[in-house]
Amino acid sequence: MINYKLFFKGAAMGCADLIPGVSGGTIALITGIYEELINSIKSIDGQALKLLLKLRIKDLWQHVNGLFLLHVFGGILLSIFSLSQLITFFLENHPIPLWSFFFGLILVSAFYVMPKKTSFTSFLFVIIGAASAYIVTSLTPLETSEQLWFIFISGAIAICAMILPGISGSFILILLAKYEFILNSVKEFDFKIIIIFGLGCATGLLSFSKLIHWLLQKYKAITMATLAGFMLGSLNKIWPWKTSSEVSFNNVLPSQFEEMTGEPNEFVLASIFYVVGGVLVIILERFGRVAE
């Protein structure tokens, strides 16, 4: 039986992952499935391999929380394939309202992610996380190799960012100068590149999920504070009013944007989308706490 709530959460993650600068991990946190997602991915381990080799499929399915992963990743894939053109349309034709929506969404979500009991230590890690994300999102693309070993590494790094709230995997690929390269490889069905990149993603996902699981088990308050900081620091990347390209940009005030570009700043529409994003977080957060 299809769990439509879980499928919808996966679809929301996929939608976020389409935006260079927005992370699906942020949506997973808001909707309350982040820890279960990390735990489920982590369970794809040596024990899972043994069950697979023994053809104990039912036990394997239960061990990896297969129904949960099927719903979440099914939603992600459906969203990516069905919404990519719509997101591209908004990025090209109405970027300011779109970025305003995600700005409101992430800003409000960061406060939900922060530990309920604050301390100097947790506050310090919020600052560290915010500074780290700010630095990463301020970088410019590198000139990088197209050899298979670097494609593998690019996949491993990008997939880690995709499940890390506040840092976008697609933006990491842009920094590594591999965003268009990978997209073109998919369009041209270059299976050698796709397979190597996929292997890198799988390796990074399994390794990184174990680290996140360990941190959440041992240092949950500090980890959540750092993740909240990542989200706040990423706001640098998604500020709606920019005077240059998506890769190399300067954030400006709405009035400055209109003066410098000669284009309307769409401030009223942007404000509406900002509020909608913030309100949506509140709805998603409550929705995520409802028992499945």
# chains A, B, ... in the order shown; residues from 1 in each chain; ligands from 1
$ residues_around --residues "Phe197 in chain A" --least-positions-apart "6" --cutoff "6 Å" --atoms "only C-alpha atoms" --output "list in words"
Ile151, Phe152 and Gly155 of chain A
$ write_last_selection --atoms "N, CA and C atoms" --output "short mmCIF file (atom, residue, chain, number, x, y, z; two decimals), in the first residue's frame"
data_model
loop_
_atom_site.label_atom_id
_atom_site.label_comp_id
_atom_site.auth_asym_id
_atom_site.auth_seq_id
_atom_site.Cartn_x
_atom_site.Cartn_y
_atom_site.Cartn_z
N ILE A 151 35.41 11.98 -11.65
CA ILE A 151 33.96 11.82 -11.77
C ILE A 151 33.43 11.05 -10.56
N PHE A 152 34.17 10.02 -10.17
CA PHE A 152 33.80 9.21 -9.00
C PHE A 152 33.79 10.08 -7.74
N GLY A 155 30.87 12.55 -7.62
CA GLY A 155 29.63 11.91 -7.20
C GLY A 155 29.57 11.72 -5.70
#
$ residues_around --residues "Ser255 in chain A" --least-positions-apart "6" --cutoff "12 Å" --atoms "only C-alpha atoms" --output "short mmCIF file (atom, residue, chain, number, x, y, z; two decimals) with N, CA, C and O atoms, in the first residue's frame"
data_model
loop_
_atom_site.label_atom_id
_atom_site.label_comp_id
_atom_site.auth_asym_id
_atom_site.auth_seq_id
_atom_site.Cartn_x
_atom_site.Cartn_y
_atom_site.Cartn_z
N TRP A 241 18.14 38.91 -4.85
CA TRP A 241 18.59 40.01 -5.71
C TRP A 241 20.10 39.96 -5.90
O TRP A 241 20.88 40.25 -4.98
N LYS A 242 20.52 39.57 -7.09
CA LYS A 242 21.93 39.43 -7.44
C LYS A 242 22.22 40.25 -8.69
O LYS A 242 21.35 40.47 -9.52
N THR A 243 23.46 40.69 -8.81
CA THR A 243 23.82 41.52 -9.97
C THR A 243 24.66 40.80 -11.00
O THR A 243 25.14 41.42 -11.94
N THR A 261 20.48 47.09 -12.61
CA THR A 261 20.14 46.21 -13.73
C THR A 261 19.09 46.79 -14.66
O THR A 261 18.95 46.34 -15.80
N GLY A 262 18.32 47.76 -14.17
CA GLY A 262 17.24 48.31 -14.97
C GLY A 262 16.04 47.40 -15.05
O GLY A 262 15.11 47.64 -15.82
N GLU A 263 16.04 46.33 -14.25
CA GLU A 263 14.94 45.38 -14.23
C GLU A 263 14.11 45.58 -12.97
O GLU A 263 14.64 46.02 -11.94
N PRO A 264 12.81 45.26 -12.99
CA PRO A 264 11.97 45.42 -11.79
C PRO A 264 12.43 44.47 -10.70
O PRO A 264 12.83 43.34 -10.97
N ASN A 265 12.39 44.95 -9.45
CA ASN A 265 12.85 44.11 -8.34
C ASN A 265 11.77 43.16 -7.82
O ASN A 265 12.05 42.30 -7.00
N GLU A 266 10.55 43.32 -8.31
CA GLU A 266 9.43 42.43 -7.94
C GLU A 266 9.32 42.26 -6.43
O GLU A 266 9.03 41.17 -5.94
N PHE A 267 9.53 43.34 -5.71
CA PHE A 267 9.60 43.25 -4.25
C PHE A 267 8.30 42.74 -3.62
O PHE A 267 8.33 41.92 -2.71
#
$ residues_around --residues "range 191-195 of chain A" --least-positions-apart "2" --cutoff "10 Å" --atoms "only C-alpha atoms" --output "PyMOL selection string"
chain A and resi 146-148+151-152+155+181-183+185-186+188-189+197-201
$ write_last_selection --atoms "C-alpha atoms" --output "short mmCIF file (atom, residue, chain, number, x, y, z; two decimals), in the first residue's frame"
data_model
loop_
_atom_site.label_atom_id
_atom_site.label_comp_id
_atom_site.auth_asym_id
_atom_site.auth_seq_id
_atom_site.Cartn_x
_atom_site.Cartn_y
_atom_site.Cartn_z
CA GLU A 146 37.19 14.89 -16.61
CA GLN A 147 39.03 11.68 -15.81
CA LEU A 148 36.98 8.84 -14.33
CA ILE A 151 33.96 11.82 -11.77
CA PHE A 152 33.80 9.21 -9.00
CA GLY A 155 29.63 11.91 -7.20
CA PHE A 181 29.08 17.72 -17.70
CA ILE A 182 26.97 15.23 -15.72
CA LEU A 183 23.69 16.58 -17.13
CA SER A 185 26.24 12.71 -19.92
CA VAL A 186 22.73 11.78 -18.79
CA GLU A 188 23.60 11.61 -24.18
CA PHE A 189 23.27 8.28 -22.32
CA PHE A 197 29.28 8.86 -11.10
CA GLY A 198 26.60 6.57 -9.65
CA LEU A 199 29.22 4.42 -7.93
CA GLY A 200 30.73 7.56 -6.42
CA CYS A 201 27.29 8.63 -5.20
#
$ closest_residue --among "A:Leu53, A:Ile38, A:Leu6, A:Ala130" --to "Ala225 in chain A" --atoms "only C-alpha atoms"
A:Ala130
$ atom_distance --atom1 "CA of Phe208 in chain A" --atom2 "CA of Val281 in chain A"
26.1 Å
$ atom_distance --atom1 "CA of Ile44 in chain A" --atom2 "CA of Val64 in chain A"
5.8 Å
$ atom_distance --atom1 "CA of Ser132 in chain A" --atom2 "CA of Gly25 in chain A"
16.7 Å
$ residues_around --residues "Asn251 in chain A" --least-positions-apart "4" --cutoff "10 Å" --atoms "only C-alpha atoms" --output "VMD selection string"
chain A and resid 236 to 244 256 to 257
